[in-house]
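Printed here is work.cif (mmCIF, C-alpha atoms):
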```
data_query
loop_
_atom_site.label_atom_id
_atom_site.label_comp_id
_atom_site.auth_asym_id
_atom_site.auth_seq_id
_atom_site.Cartn_x
_atom_site.Cartn_y
_atom_site.Cartn_z
CA MET X 1 26.15 4.26 40.42
CA ALA X 2 27.71 1.67 38.15
CA THR X 3 26.01 -1.70 37.83
CA PRO X 4 27.70 -5.09 38.28
CA THR X 5 28.26 -5.05 34.50
CA GLY X 6 30.28 -1.86 34.91
CA ARG X 7 27.85 0.47 33.11
CA SER X 8 25.81 3.25 34.64
CA PRO X 9 22.27 4.11 33.55
CA GLU X 10 22.13 6.56 30.67
CA LEU X 11 19.53 8.59 28.76
CA ARG X 12 19.92 8.85 25.00
CA HIS X 13 17.96 10.91 22.49
CA ASP X 14 17.13 9.35 19.14
CA PRO X 15 17.16 12.01 16.42
CA VAL X 16 15.05 9.77 14.17
CA SER X 17 12.14 8.90 16.48
CA ASN X 18 12.74 12.17 18.37
CA ARG X 19 12.31 10.43 21.72
CA TRP X 20 14.38 9.76 24.82
CA VAL X 21 15.31 6.22 25.88
CA ILE X 22 16.61 5.14 29.29
CA PHE X 23 19.32 2.48 29.22
CA SER X 24 19.30 0.66 32.55
CA PRO X 25 21.57 -2.41 32.53
CA ALA X 26 20.84 -3.02 36.22
CA ARG X 27 17.49 -4.43 35.06
CA ALA X 28 19.12 -6.94 32.73
CA LYS X 29 21.01 -10.18 32.64
CA ARG X 30 24.16 -10.29 30.58
CA PRO X 31 23.27 -9.22 27.01
CA SER X 32 24.19 -12.67 25.70
CA ASP X 33 21.69 -14.31 28.09
CA PHE X 34 18.62 -12.65 26.57
CA LYS X 35 16.18 -15.21 25.15
CA SER X 36 12.52 -15.10 24.27
CA LYS X 37 10.40 -16.58 27.07
CA SER X 38 7.75 -17.59 24.55
CA PRO X 39 9.45 -18.64 21.29
CA GLU X 40 7.15 -18.59 18.33
CA ASN X 41 5.86 -22.03 17.43
CA PRO X 42 3.34 -22.69 14.68
CA ASP X 43 -0.22 -22.69 15.91
CA PRO X 44 -1.25 -26.36 15.99
CA ASN X 45 -4.79 -25.32 15.10
CA SER X 46 -3.68 -23.75 11.81
CA SER X 47 -0.66 -25.84 10.81
CA SER X 48 -2.54 -28.02 8.36
CA GLY X 49 -2.56 -27.10 4.71
CA ASN X 50 -6.15 -28.37 4.66
CA SER X 51 -7.34 -25.57 6.95
CA CYS X 52 -4.99 -22.65 6.29
CA PRO X 53 -6.46 -20.25 3.71
CA PHE X 54 -2.99 -19.02 2.70
CA CYS X 55 -1.73 -22.45 1.65
CA ILE X 56 -1.50 -23.36 -2.02
CA GLY X 57 -4.72 -25.01 -3.17
CA ASN X 58 -6.89 -23.00 -0.76
CA GLU X 59 -7.05 -19.82 -2.82
CA SER X 60 -10.86 -19.88 -2.86
CA GLN X 61 -10.90 -19.37 0.92
CA CYS X 62 -9.19 -15.98 0.60
CA ALA X 63 -10.33 -12.49 -0.27
CA PRO X 64 -9.85 -11.43 -3.92
CA GLU X 65 -6.36 -11.66 -5.40
CA ILE X 66 -4.67 -8.46 -6.60
CA PHE X 67 -1.68 -10.07 -8.30
CA ARG X 68 0.67 -13.02 -7.97
CA PHE X 69 4.19 -14.06 -8.88
CA PRO X 70 4.68 -15.59 -11.36
CA PRO X 71 1.87 -13.56 -12.94
CA ASP X 72 0.32 -16.42 -14.93
CA LEU X 73 -3.16 -16.99 -13.44
CA GLY X 74 -3.36 -20.29 -15.28
CA ASN X 75 -0.34 -21.62 -13.40
CA PRO X 76 -1.39 -23.01 -9.98
CA ASN X 77 2.23 -23.09 -8.75
CA TRP X 78 2.47 -19.52 -7.54
CA LYS X 79 5.31 -18.28 -5.33
CA ILE X 80 3.80 -15.05 -3.91
CA ARG X 81 0.22 -13.81 -3.78
CA VAL X 82 -0.96 -10.30 -2.93
CA ILE X 83 -4.60 -10.33 -1.86
CA GLU X 84 -7.13 -8.08 -0.21
CA ASN X 85 -7.38 -8.52 3.56
CA LEU X 86 -10.50 -10.51 4.42
CA PHE X 87 -10.89 -8.44 7.60
CA PRO X 88 -9.61 -5.00 6.57
CA ALA X 89 -8.96 -2.18 9.02
CA LEU X 90 -10.09 0.30 6.34
CA SER X 91 -12.64 0.14 3.54
CA ARG X 92 -11.39 0.35 -0.05
CA THR X 93 -14.84 1.30 -1.38
CA GLY X 94 -16.46 4.69 -1.05
CA GLU X 95 -15.91 8.27 -2.10
CA TYR X 96 -12.65 9.75 -0.88
CA PRO X 97 -12.89 13.27 0.57
CA SER X 98 -11.34 16.10 -1.40
CA GLU X 99 -8.44 18.12 0.01
CA ASP X 100 -10.90 20.86 0.94
CA GLN X 101 -13.18 18.38 2.70
CA GLN X 102 -10.23 16.99 4.63
CA ARG X 103 -9.37 20.49 5.81
CA HIS X 104 -12.91 20.77 7.11
CA GLN X 105 -13.16 17.40 8.83
CA ASP X 106 -16.04 16.60 11.14
CA HIS X 107 -15.31 17.74 14.68
CA THR X 108 -17.03 15.58 17.28
CA ALA X 109 -16.46 15.25 21.02
CA GLY X 110 -13.44 17.54 20.80
CA GLY X 111 -11.72 15.51 18.06
CA ARG X 112 -11.71 15.15 14.30
CA SER X 113 -13.02 12.34 12.14
CA LEU X 114 -12.62 11.13 8.55
CA LYS X 115 -14.25 8.28 6.69
CA GLY X 116 -12.24 5.09 7.22
CA LEU X 117 -11.19 4.70 3.61
CA GLY X 118 -7.91 3.20 2.46
CA PHE X 119 -6.35 -0.12 1.46
CA HIS X 120 -5.44 -3.13 3.58
CA ASP X 121 -3.71 -5.96 1.73
CA VAL X 122 -1.91 -9.20 2.58
CA VAL X 123 1.29 -10.48 0.97
CA ILE X 124 1.49 -14.28 1.20
CA GLU X 125 5.24 -14.83 1.10
CA ALA X 126 5.33 -18.54 0.28
CA PRO X 127 2.85 -21.20 -0.84
CA VAL X 128 3.89 -23.82 1.75
CA HIS X 129 2.73 -23.48 5.35
CA SER X 130 5.95 -24.58 7.06
CA VAL X 131 8.20 -22.16 5.15
CA GLN X 132 9.11 -18.93 6.95
CA LEU X 133 10.49 -15.82 5.27
CA SER X 134 14.03 -16.50 6.52
CA ASP X 135 13.87 -20.01 4.98
CA LEU X 136 13.69 -18.50 1.51
CA GLY X 137 16.74 -17.61 -0.54
CA ALA X 138 17.81 -14.02 -1.14
CA GLY X 139 16.33 -14.04 -4.64
CA GLU X 140 12.96 -15.25 -3.31
CA ILE X 141 12.88 -12.70 -0.48
CA GLY X 142 13.85 -10.10 -3.06
CA GLN X 143 10.68 -10.98 -4.98
CA VAL X 144 8.63 -10.40 -1.81
CA LEU X 145 10.22 -6.95 -1.47
CA LEU X 146 9.48 -6.22 -5.12
CA ALA X 147 5.87 -7.28 -4.53
CA TYR X 148 5.71 -4.59 -1.80
CA LYS X 149 7.16 -2.08 -4.28
CA LYS X 150 4.68 -2.98 -7.01
CA ARG X 151 1.68 -2.71 -4.71
CA ILE X 152 2.89 0.61 -3.25
CA GLU X 153 3.24 2.00 -6.78
CA GLN X 154 -0.30 0.86 -7.60
CA ILE X 155 -1.82 2.43 -4.49
CA ALA X 156 0.22 5.63 -4.91
CA THR X 157 -1.88 6.51 -7.96
CA PHE X 158 -4.72 7.40 -5.57
CA ASP X 159 -4.21 11.05 -4.63
CA SER X 160 -6.17 10.59 -1.40
CA ILE X 161 -3.60 8.15 0.02
CA LYS X 162 -0.93 9.94 2.03
CA TYR X 163 1.07 7.13 3.64
CA ILE X 164 1.64 3.40 3.05
CA GLN X 165 2.87 1.17 5.87
CA VAL X 166 4.37 -2.23 5.08
CA PHE X 167 4.71 -4.47 8.12
CA LYS X 168 5.13 -8.09 9.19
CA ASN X 169 3.85 -9.67 12.40
CA HIS X 170 5.57 -12.95 13.28
CA GLY X 171 3.99 -14.83 16.16
CA ALA X 172 0.65 -14.51 17.94
CA SER X 173 2.00 -12.14 20.62
CA ALA X 174 3.35 -9.91 17.83
CA GLY X 175 -0.09 -9.68 16.24
CA ALA X 176 -0.10 -12.53 13.70
CA SER X 177 -3.52 -14.17 13.42
CA LEU X 178 -2.21 -16.92 11.12
CA SER X 179 1.14 -18.70 11.37
CA HIS X 180 1.53 -19.02 7.57
CA SER X 181 4.28 -16.56 6.64
CA HIS X 182 2.77 -13.31 5.42
CA SER X 183 3.07 -9.54 5.69
CA GLN X 184 0.63 -6.69 5.28
CA ILE X 185 0.26 -3.33 3.53
CA LEU X 186 -1.99 -0.64 4.99
CA ALA X 187 -2.55 2.59 3.05
CA LEU X 188 -3.87 5.62 4.93
CA PRO X 189 -5.55 8.90 3.93
CA VAL X 190 -3.50 10.66 6.62
CA VAL X 191 0.16 10.82 7.65
CA PRO X 192 0.45 8.97 11.02
CA PRO X 193 1.77 10.94 14.01
CA ALA X 194 4.87 8.74 14.39
CA VAL X 195 5.84 9.52 10.80
CA SER X 196 5.36 13.27 11.31
CA THR X 197 7.42 13.06 14.52
CA ARG X 198 10.16 11.19 12.65
CA LEU X 199 10.30 13.88 9.97
CA ASP X 200 10.44 16.59 12.63
CA GLY X 201 13.30 14.79 14.38
CA THR X 202 15.36 14.29 11.24
CA LYS X 203 14.66 17.89 10.23
CA GLU X 204 16.00 19.15 13.56
CA TYR X 205 19.18 17.11 13.13
CA PHE X 206 19.58 18.36 9.55
CA GLU X 207 19.17 21.99 10.58
CA LYS X 208 21.83 21.59 13.29
CA THR X 209 24.38 19.62 11.26
CA GLY X 210 23.49 20.02 7.59
CA LYS X 211 23.44 16.21 7.33
CA CYS X 212 20.85 13.43 7.17
CA SER X 213 20.85 11.56 10.48
CA LEU X 214 20.46 8.16 8.81
CA CYS X 215 23.26 8.83 6.33
CA GLU X 216 25.45 9.28 9.43
CA VAL X 217 24.82 5.86 11.06
CA ARG X 218 28.30 4.49 10.61
CA ALA X 219 29.53 4.07 14.21
CA LYS X 220 31.59 0.87 14.14
CA GLU X 221 30.39 -0.31 17.54
CA LEU X 222 26.72 -0.20 16.41
CA ILE X 223 27.17 -2.05 13.11
CA ILE X 224 26.08 -5.69 12.90
CA ASP X 225 26.81 -6.35 9.23
CA GLU X 226 26.62 -4.72 5.83
CA SER X 227 26.07 -5.52 2.17
CA THR X 228 26.77 -3.64 -1.05
CA HIS X 229 23.88 -1.20 -0.64
CA PHE X 230 22.75 -1.57 2.99
CA ILE X 231 24.01 -1.52 6.55
CA SER X 232 22.44 -3.23 9.58
CA ILE X 233 22.78 -1.59 12.97
CA VAL X 234 21.42 -1.47 16.46
CA PRO X 235 20.38 2.20 16.63
CA PHE X 236 22.20 4.53 19.05
CA ALA X 237 19.04 5.03 21.12
CA ALA X 238 17.25 1.74 20.41
CA THR X 239 13.76 1.78 21.92
CA PHE X 240 13.70 -2.00 22.35
CA ALA X 241 16.31 -4.59 23.33
CA PHE X 242 18.03 -6.04 20.24
CA GLU X 243 16.12 -3.74 17.88
CA ILE X 244 17.68 -3.79 14.40
CA TRP X 245 17.58 -1.23 11.58
CA ILE X 246 18.59 -1.97 7.99
CA VAL X 247 19.45 1.34 6.33
CA PRO X 248 20.30 2.17 2.69
CA LYS X 249 23.88 3.41 2.46
CA ASP X 250 22.91 5.92 -0.22
CA HIS X 251 20.33 8.56 0.61
CA SER X 252 16.83 7.46 -0.41
CA SER X 253 13.53 8.86 0.80
CA HIS X 254 11.12 6.15 -0.35
CA PHE X 255 11.29 2.37 -0.16
CA HIS X 256 9.61 2.00 -3.56
CA GLU X 257 12.64 3.64 -5.21
CA LEU X 258 14.33 0.24 -4.70
CA ASP X 259 15.51 -1.48 -7.88
CA SER X 260 15.80 -5.24 -8.53
CA ASP X 261 19.50 -5.51 -7.64
CA GLN X 262 18.98 -3.55 -4.43
CA ALA X 263 15.98 -5.73 -3.55
CA VAL X 264 18.09 -8.91 -3.69
CA ASP X 265 20.90 -7.20 -1.77
CA LEU X 266 18.46 -6.06 0.94
CA ALA X 267 16.90 -9.52 1.01
CA GLY X 268 20.22 -11.17 1.78
CA LEU X 269 20.92 -8.85 4.71
CA LEU X 270 17.34 -9.12 6.00
CA ARG X 271 17.59 -12.93 5.89
CA LEU X 272 20.88 -12.81 7.80
CA MET X 273 19.41 -10.52 10.49
CA LEU X 274 16.32 -12.69 10.95
CA LYS X 275 18.45 -15.81 11.30
CA LYS X 276 20.85 -14.15 13.76
CA MET X 277 17.92 -12.87 15.83
CA SER X 278 16.21 -16.26 15.83
CA THR X 279 19.40 -18.10 16.80
CA GLN X 280 20.46 -15.72 19.56
CA LEU X 281 17.04 -14.90 21.03
CA ASN X 282 15.31 -18.30 20.79
CA ASN X 283 13.07 -17.58 17.79
CA PRO X 284 11.18 -14.68 19.35
CA PRO X 285 7.94 -13.20 18.06
CA PHE X 286 8.81 -10.04 16.15
CA ASN X 287 7.54 -7.22 13.98
CA PHE X 288 9.26 -5.60 11.08
CA MET X 289 8.17 -2.31 9.57
CA ILE X 290 9.34 -0.45 6.49
CA GLN X 291 9.68 3.14 7.72
CA THR X 292 9.36 5.15 4.55
CA SER X 293 8.42 8.76 3.79
CA PRO X 294 4.91 10.06 3.01
CA LEU X 295 4.02 9.58 -0.65
CA ARG X 296 3.89 13.26 -1.46
CA VAL X 297 6.48 14.58 0.98
CA GLU X 298 7.52 18.16 0.27
CA GLU X 299 10.67 18.49 -1.83
CA SER X 300 12.26 20.60 0.91
CA ARG X 301 12.06 17.57 3.24
CA LEU X 302 13.80 15.13 0.90
CA PRO X 303 17.37 15.89 2.08
CA TYR X 304 16.58 14.52 5.55
CA SER X 305 13.91 11.92 4.67
CA HIS X 306 15.63 8.51 4.60
CA TRP X 307 13.76 5.20 4.69
CA PHE X 308 14.82 2.15 6.70
CA LEU X 309 13.56 -1.29 7.72
CA GLN X 310 13.03 -1.72 11.47
CA ILE X 311 12.98 -5.15 13.19
CA VAL X 312 11.67 -5.38 16.77
CA PRO X 313 11.86 -8.71 18.66
CA HIS X 314 9.35 -9.19 21.49
CA LEU X 315 11.42 -9.84 24.61
CA GLY X 316 9.34 -8.03 27.22
CA GLY X 317 6.19 -6.04 27.68
CA VAL X 318 5.48 -2.32 27.76
CA ALA X 319 4.42 -1.12 31.21
CA GLY X 320 2.86 1.95 32.80
CA PHE X 321 5.94 4.17 32.66
CA GLU X 322 6.39 3.66 28.93
CA ILE X 323 2.69 4.14 28.19
CA GLY X 324 2.43 7.21 30.40
CA SER X 325 5.65 8.97 29.42
CA GLY X 326 6.38 7.74 25.90
CA CYS X 327 9.92 7.14 27.20
CA HIS X 328 11.06 3.52 27.05
CA ILE X 329 13.50 1.65 29.30
CA ASN X 330 15.92 -0.60 27.42
CA PRO X 331 17.97 -3.02 29.57
CA VAL X 332 20.60 -3.63 26.87
CA PHE X 333 23.01 -0.97 25.61
CA PRO X 334 23.01 -0.88 21.79
CA GLU X 335 26.77 -1.41 21.59
CA ASP X 336 26.39 -4.64 23.61
CA ALA X 337 23.46 -5.88 21.54
CA ALA X 338 25.34 -5.17 18.29
CA LYS X 339 28.42 -7.06 19.55
CA VAL X 340 26.33 -10.09 20.50
CA LEU X 341 24.57 -10.15 17.13
CA ARG X 342 27.83 -9.64 15.21
CA GLU X 343 29.26 -12.73 16.87
CA VAL X 344 26.30 -15.02 16.18
CA ASN X 345 27.17 -17.62 13.55
CA VAL X 346 24.30 -18.86 11.41
CA ASN X 347 23.96 -21.39 8.62
CA LEU X 348 22.85 -19.64 5.45
CA SER X 349 22.87 -22.75 3.28
CA GLY X 350 19.61 -24.23 2.11
#
```
Just give me the structure as structure tokens.
Amino acid sequence: MATPTGRSPELRHDPVSNRWVIFSPARAKRPSDFKSKSPENPDPNSSSGNSCPFCIGNESQCAPEIFRFPPDLGNPNWKIRVIENLFPALSRTGEYPSEDQQRHQDHTAGGRSLKGLGFHDVVIEAPVHSVQLSDLGAGEIGQVLLAYKKRIEQIATFDSIKYIQVFKNHGASAGASLSHSHSQILALPVVPPAVSTRLDGTKEYFEKTGKCSLCEVRAKELIIDESTHFISIVPFAATFAFEIWIVPKDHSSHFHELDSDQAVDLAGLLRLMLKKMSTQLNNPPFNFMIQTSPLRVEESRLPYSHWFLQIVPHLGGVAGFEIGSGCHINPVFPEDAAKVLREVNVNLSG
């Protein structure tokens, strides 16, 4: 039965995540009425430069620095710092298991276990507490992206590391423990299940069509904007309302293949998407993730391995059906979300 908006519920399969999504507009307001119920405001308890460890001048309160930009350690006026996480999810010290040892992992209680070794780093995106990533210029955001690239290349020299996840949590409900603008890099000795599932999904599409599924995302009604090297879309089977993907136009398997010109180009489009999302959705908490390929992905998988940057605003919770089935309900059709975001006007000056 059609809803008052004139659209009937629909199931869509996403060839990238390899999952089904239910689109149920009966559960929604008009797409243009969606706003965050809890816009992200700076935590008043950590808004002071005197107490925030990420603020310039408080470097001694942080875990050890890995590198900074500009690279001159004698210059206190840094722009970006990459540091070890003071509370890491994984330990960077210890003996990594060999390939043979990993094949013979400890089996306990019906499962498998490995030592929790890896890397967990923080990228402080700006020295000033009140400055958010989208407040920076394209060149400055480009330097943040190049800091990701540099750190990935450093970690990739460790043969035991299989996958590196770059992510940003904006807002307490999105997982940010500090309001100072920062992102994180977590390097794992295993390939996460979601990444394996993504490769299986893109492989299936490639075997059916002979094409990379992400090279094919050109449907006009799903496009928000584009730049020289990138395109921003709401994916055909978006898991979340107003989810955004920024996808390289040319086939590329790994984020760290990005060059300096592409970094600035990506930065400009990322800045535009963050500003559009903030304006339209009332500055919602959000996550962004760089969905790249495993470091040592097999050469046979390269034709269908295509990285992208995923932005997910927090506009509602995940309930029992989603947790139990792995199938999400999205109240906004992607075509409607893309149209709303296309039409948002933002001020890019300053």
Item to complete: Name every residue that the PyMOL selection byres ((chain X and resi 118) around 8) selects in this structure, writing the answer as a list in words with chains first and numbers rising.
Response: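 With the shown file as input, the PyMOL selection byres ((chain X and resi 118) around 8) matches Leu90, Ser91, Arg92, Gly116, Leu117, Phe119, His120, Ile161, Leu186, Ala187, Leu188 and Pro189 of chain X.
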Worksheet entry | Residues near Leu133 (chain X), cut-off 9 Å, all atoms listed in the file, skip fewer than 3 positions along chain, as a ChimeraX atom specification | /X:125-126,136-137,140-141,181-182,271,274
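In this model, the gap between CA of Trp307 (chain X) and CA of Ser253 (chain X) comes to 5.3 Å.
We find CA of Cys215 (chain X) and CA of Arg7 (chain X) to be spaced 28.4 Å apart.
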Worksheet item: On this structure, which residues satisfy the PyMOL selection byres ((chain X and resi 263) around 9), written as a PyMOL selection string?
Response: chain X and resi 138-139+141-146+258-262+264-268
Worksheet item: On this structure, which residues satisfy the PyMOL selection byres ((chain X and resi 279) around 10), written as an NGL selection string?
Response: :X and (35 or 273-278 or 280-284 or 341 or 344-347)
Worksheet item: Taking into account all atoms listed in the file, which residue in the set X:Glu243, X:His256, X:Pro127, X:Ile224 is nearest to Lys149 (chain X)?
Response: X:His256
Item to complete: May I ask for the distance between CA of Ser24 (chain X) and CA of His328 (chain X), given in Å to one decimal place?
Response: 10.3 Å
